[in-house]
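Visitor: I have a structure I would like to understand better, so I am pasting it below and will then ask my questions one at a time.
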Amino acid sequence: MKIRMRHLGILAAIPASLFLTETAFAHPGHGTGFVAGLVHPFTGIDHLAAMSMVGLWSGVAFPQNRLCLPAIMLAALLGGFLYGDLGGAMAFPELLIQATLAVLALTLVLDIKLRTHAAALLVAMTGLAHGFAHGIEVPAGSDPRSFLVGFFLSSTVLLAAGLGLARVLTQRGFRSPAVQPSRWGAD
């Protein structure tokens, strides 16, 4: 069975539609420290959607460079988290999270072709906003470093799950028309 773009669109639309009903800001109540950071990304649809969509999109649309976008996402998450934890300010981070998730979902659903530098910018903005939101809301009594380690580990797992799904889809015959012939950074 050939997997068509509309199938991928359905996969992307489900988590994307769910995040619209929930606030995109951090969602407390998972304990403290490492465990709180580890559990946190799995309990918010915004984080689940962002990480899995970036991994999926990267693996399908940029197969030659499938690890670049997840690496950018992790670097931006780290930078945003540290900026937020150290008291930085960002105007309307929850709105930025929702906007970047909507653009990610639309990019997948509509098979929008982006050059690698535009894709990298979108992923970086997504990661910065998510990292910032979680950096300013580290649970009270938690060591921010141990929370960050758990948060980063879970985010990596979710990105890898998206990449894994992309691998399964491509092995079953899915090819995105959005695949760019250029190499990373060549455009």
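Residue numbers start at 1 in each chain; chains themselves are named A, B, ... in the order of the structure tokens; ligands are numbered from 1 in the order shown.
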Where does range 22-119 of chain A meet range 142-165 of chain A within 6 Å, residue by residue, with the nearest atom pair and distance in Å to one decimal for each, counting only C-alpha atoms, listed by chain and rising number, as a tab-separated table?
Guide:
```
residue	atom	partner	partner_atom	distance
A:Thr32	CA	A:Ser142	CA	4.9
A:Gly33	CA	A:Phe147	CA	4.5
A:Phe34	CA	A:Phe147	CA	4.5
A:Gly37	CA	A:Phe151	CA	4.1
A:Leu38	CA	A:Gly150	CA	3.9
A:Met51	CA	A:Leu159	CA	4.9
A:Ser52	CA	A:Gly162	CA	4.3
A:Gly55	CA	A:Gly162	CA	4.1
A:Leu56	CA	A:Gly162	CA	4.2
A:Gly59	CA	A:Leu163	CA	5.3
```
Visitor: Please produce an output containing C-alpha atoms for each residue in the selection, written as a PDB file, in the first residue's frame.
Guide:
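What landed in out.pdb:
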```pdb
ATOM      1  CA  THR A  32      10.113  17.935  41.174  1.00  0.00           C
ATOM      2  CA  GLY A  33      13.558  17.666  39.660  1.00  0.00           C
ATOM      3  CA  PHE A  34      14.600  15.072  37.119  1.00  0.00           C
ATOM      4  CA  GLY A  37      11.392  17.139  33.679  1.00  0.00           C
ATOM      5  CA  LEU A  38      11.218  13.595  32.350  1.00  0.00           C
ATOM      6  CA  MET A  51       8.705  17.161  18.990  1.00  0.00           C
ATOM      7  CA  SER A  52       6.993  14.426  16.996  1.00  0.00           C
ATOM      8  CA  GLY A  55      11.101  14.513  13.852  1.00  0.00           C
ATOM      9  CA  LEU A  56       8.534  13.327  11.314  1.00  0.00           C
ATOM     10  CA  GLY A  59      12.789  12.440   8.326  1.00  0.00           C
TER      11      GLY A  59
END
```
Visitor: Neighbouring residues of Ala166 in chain A were defined as those with any atom within 12 Å, considering only C-alpha atoms; residues of the same chain fewer than 4 positions away were excluded. Please report them as a PyMOL selection string.
Guide: chain A and resi 3+8+11-12+52-63+66-67+108+159-162+170-176
Visitor: Output N, CA and C atoms for every residue in the selection just made, as a PDB file, in the first residue's frame.
Guide:
```pdb
ATOM      1  N   ILE A   3       1.624   4.976   0.756  1.00  0.00           N
ATOM      2  CA  ILE A   3       1.154   5.972   1.709  1.00  0.00           C
ATOM      3  C   ILE A   3       1.224   7.320   1.009  1.00  0.00           C
ATOM      4  N   LEU A   8      -0.216  11.373   5.747  1.00  0.00           N
ATOM      5  CA  LEU A   8       0.687  12.095   6.625  1.00  0.00           C
ATOM      6  C   LEU A   8      -0.011  13.324   7.188  1.00  0.00           C
ATOM      7  N   LEU A  11      -2.123  12.343  10.077  1.00  0.00           N
ATOM      8  CA  LEU A  11      -1.287  12.101  11.253  1.00  0.00           C
ATOM      9  C   LEU A  11      -0.867  13.407  11.915  1.00  0.00           C
ATOM     10  N   ALA A  12      -0.550  14.402  11.118  1.00  0.00           N
ATOM     11  CA  ALA A  12      -0.123  15.689  11.669  1.00  0.00           C
ATOM     12  C   ALA A  12      -1.295  16.499  12.204  1.00  0.00           C
ATOM     13  N   SER A  52       7.269  15.489  17.963  1.00  0.00           N
ATOM     14  CA  SER A  52       6.993  14.426  16.996  1.00  0.00           C
ATOM     15  C   SER A  52       6.872  14.976  15.577  1.00  0.00           C
ATOM     16  N   MET A  53       6.271  16.170  15.421  1.00  0.00           N
ATOM     17  CA  MET A  53       6.155  16.755  14.081  1.00  0.00           C
ATOM     18  C   MET A  53       7.516  17.154  13.523  1.00  0.00           C
ATOM     19  N   VAL A  54       8.398  17.698  14.348  1.00  0.00           N
ATOM     20  CA  VAL A  54       9.733  18.066  13.858  1.00  0.00           C
ATOM     21  C   VAL A  54      10.489  16.813  13.428  1.00  0.00           C
ATOM     22  N   GLY A  55      10.433  15.760  14.232  1.00  0.00           N
ATOM     23  CA  GLY A  55      11.101  14.513  13.852  1.00  0.00           C
ATOM     24  C   GLY A  55      10.524  13.916  12.580  1.00  0.00           C
ATOM     25  N   LEU A  56       9.204  13.872  12.498  1.00  0.00           N
ATOM     26  CA  LEU A  56       8.534  13.327  11.314  1.00  0.00           C
ATOM     27  C   LEU A  56       8.857  14.153  10.079  1.00  0.00           C
ATOM     28  N   TRP A  57       8.716  15.450  10.174  1.00  0.00           N
ATOM     29  CA  TRP A  57       8.968  16.346   9.044  1.00  0.00           C
ATOM     30  C   TRP A  57      10.420  16.241   8.587  1.00  0.00           C
ATOM     31  N   SER A  58      11.332  16.221   9.541  1.00  0.00           N
ATOM     32  CA  SER A  58      12.743  16.138   9.208  1.00  0.00           C
ATOM     33  C   SER A  58      13.058  14.839   8.467  1.00  0.00           C
ATOM     34  N   GLY A  59      12.516  13.733   8.945  1.00  0.00           N
ATOM     35  CA  GLY A  59      12.789  12.440   8.326  1.00  0.00           C
ATOM     36  C   GLY A  59      12.163  12.262   6.962  1.00  0.00           C
ATOM     37  N   VAL A  60      11.037  12.918   6.717  1.00  0.00           N
ATOM     38  CA  VAL A  60      10.325  12.762   5.448  1.00  0.00           C
ATOM     39  C   VAL A  60      10.767  13.816   4.431  1.00  0.00           C
ATOM     40  N   ALA A  61      10.843  15.069   4.839  1.00  0.00           N
ATOM     41  CA  ALA A  61      11.127  16.146   3.891  1.00  0.00           C
ATOM     42  C   ALA A  61      12.623  16.385   3.673  1.00  0.00           C
ATOM     43  N   PHE A  62      13.451  15.980   4.621  1.00  0.00           N
ATOM     44  CA  PHE A  62      14.887  16.198   4.514  1.00  0.00           C
ATOM     45  C   PHE A  62      15.642  14.908   4.835  1.00  0.00           C
ATOM     46  N   PRO A  63      15.389  13.835   4.087  1.00  0.00           N
ATOM     47  CA  PRO A  63      15.947  12.529   4.450  1.00  0.00           C
ATOM     48  C   PRO A  63      17.477  12.478   4.471  1.00  0.00           C
ATOM     49  N   ARG A  66      18.329  14.275   7.943  1.00  0.00           N
ATOM     50  CA  ARG A  66      17.222  14.088   8.884  1.00  0.00           C
ATOM     51  C   ARG A  66      17.558  14.440  10.330  1.00  0.00           C
ATOM     52  N   LEU A  67      18.829  14.458  10.698  1.00  0.00           N
ATOM     53  CA  LEU A  67      19.183  14.771  12.085  1.00  0.00           C
ATOM     54  C   LEU A  67      19.404  16.260  12.332  1.00  0.00           C
ATOM     55  N   LEU A 108       3.212  20.208   7.175  1.00  0.00           N
ATOM     56  CA  LEU A 108       3.045  18.774   6.944  1.00  0.00           C
ATOM     57  C   LEU A 108       1.763  18.469   6.171  1.00  0.00           C
ATOM     58  N   LEU A 159      11.516  13.355  19.669  1.00  0.00           N
ATOM     59  CA  LEU A 159      12.063  13.647  18.344  1.00  0.00           C
ATOM     60  C   LEU A 159      12.447  12.348  17.637  1.00  0.00           C
ATOM     61  N   ALA A 160      13.065  11.438  18.367  1.00  0.00           N
ATOM     62  CA  ALA A 160      13.451  10.149  17.795  1.00  0.00           C
ATOM     63  C   ALA A 160      12.223   9.343  17.371  1.00  0.00           C
ATOM     64  N   ALA A 161      11.134   9.453  18.125  1.00  0.00           N
ATOM     65  CA  ALA A 161       9.893   8.757  17.744  1.00  0.00           C
ATOM     66  C   ALA A 161       9.366   9.303  16.418  1.00  0.00           C
ATOM     67  N   GLY A 162       9.418  10.619  16.240  1.00  0.00           N
ATOM     68  CA  GLY A 162       9.007  11.213  14.966  1.00  0.00           C
ATOM     69  C   GLY A 162       9.891  10.750  13.823  1.00  0.00           C
ATOM     70  N   THR A 170       8.635   5.894   5.079  1.00  0.00           N
ATOM     71  CA  THR A 170       9.430   5.855   3.848  1.00  0.00           C
ATOM     72  C   THR A 170       9.741   4.421   3.434  1.00  0.00           C
ATOM     73  N   GLN A 171       9.913   3.528   4.392  1.00  0.00           N
ATOM     74  CA  GLN A 171      10.141   2.117   4.054  1.00  0.00           C
ATOM     75  C   GLN A 171       8.903   1.486   3.425  1.00  0.00           C
ATOM     76  N   ARG A 172       7.752   2.053   3.724  1.00  0.00           N
ATOM     77  CA  ARG A 172       6.503   1.529   3.158  1.00  0.00           C
ATOM     78  C   ARG A 172       6.087   2.263   1.895  1.00  0.00           C
ATOM     79  N   GLY A 173       6.997   3.037   1.332  1.00  0.00           N
ATOM     80  CA  GLY A 173       6.744   3.647   0.045  1.00  0.00           C
ATOM     81  C   GLY A 173       6.349   5.097   0.049  1.00  0.00           C
ATOM     82  N   PHE A 174       6.295   5.734   1.211  1.00  0.00           N
ATOM     83  CA  PHE A 174       5.924   7.146   1.240  1.00  0.00           C
ATOM     84  C   PHE A 174       7.094   7.992   0.778  1.00  0.00           C
ATOM     85  N   ARG A 175       6.847   8.860  -0.158  1.00  0.00           N
ATOM     86  CA  ARG A 175       7.835   9.838  -0.614  1.00  0.00           C
ATOM     87  C   ARG A 175       7.152  11.186  -0.663  1.00  0.00           C
ATOM     88  N   SER A 176       7.719  12.144   0.012  1.00  0.00           N
ATOM     89  CA  SER A 176       7.136  13.481   0.029  1.00  0.00           C
ATOM     90  C   SER A 176       7.559  14.258  -1.201  1.00  0.00           C
TER      91      SER A 176
END
```
Visitor: Pick out the closest residue to Phe81 in chain A from this set: A:His40, A:Ala133, A:His47, A:Ala124. Count only C-alpha atoms.
Guide: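 With only C-alpha atoms as the atom set, the closest residue is A:Ala133.
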Visitor: Between CA of Gly84 in chain A and CA of Leu96 in chain A, what is the distance, to one decimal in Å?
Guide: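 Calculated distance between CA of Gly84 in chain A and CA of Leu96 in chain A is 14.5 Å.
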Visitor: Identify, on the basis of only C-alpha atoms, every residue whose closest approach to Leu101 in chain A does not exceed 9 Å; exclude the query and any residue fewer than 4 positions from it along the same chain; express the result as a short mmCIF file (atom, residue, chain, number, x, y, z; two decimals) with C-alpha atoms, in the first residue's frame.
Guide:
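Writing the result to out21.cif gives the following:
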```cif
data_model
loop_
_atom_site.label_atom_id
_atom_site.label_comp_id
_atom_site.auth_asym_id
_atom_site.auth_seq_id
_atom_site.Cartn_x
_atom_site.Cartn_y
_atom_site.Cartn_z
CA ALA A 16 -2.14 19.80 15.92
CA PHE A 19 -3.16 21.59 21.06
CA ASP A 46 1.82 20.97 22.64
CA ALA A 49 3.04 17.56 18.83
CA ALA A 50 6.08 19.83 18.42
CA MET A 53 6.16 16.76 14.08
CA LEU A 96 4.50 31.89 19.67
CA ILE A 97 4.23 28.22 20.66
CA ALA A 105 1.19 21.24 11.14
CA LEU A 106 0.22 23.17 8.02
CA THR A 126 9.55 26.52 18.01
#
```
Visitor: Residues near range 71-75 of chain A, anyone? I mean within 7 Å using only C-alpha atoms, not counting same-chain ones fewer than 5 positions away, as a PDB file with C-alpha atoms, in the first residue's frame.
Guide:
```
ATOM      1  CA  ALA A 120      15.736  25.608  10.427  1.00  0.00           C
ATOM      2  CA  VAL A 123      12.262  24.810  14.151  1.00  0.00           C
ATOM      3  CA  ALA A 124      14.538  27.174  16.087  1.00  0.00           C
ATOM      4  CA  GLY A 127      12.353  25.272  20.246  1.00  0.00           C
TER       5      GLY A 127
END
```
Visitor: Between CA of Leu78 in chain A and CA of Gly131 in chain A, measure the distance and give it in Å to one decimal.
Guide: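 Distance between the two atoms: 6.2 Å.
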Visitor: Can you tell me, as a ChimeraX atom specification, which residues in range 28-181 of chain A count as alpha helix (DSSP H) by DSSP?
Guide: /A:33-43,45-61,68-85,93-109,116-135,144-171
Visitor: Please compute the CA of Ile136 in chain A-CA of Gly31 in chain A distance, one decimal, in Å.
Guide: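 It comes out at 16.0 Å.
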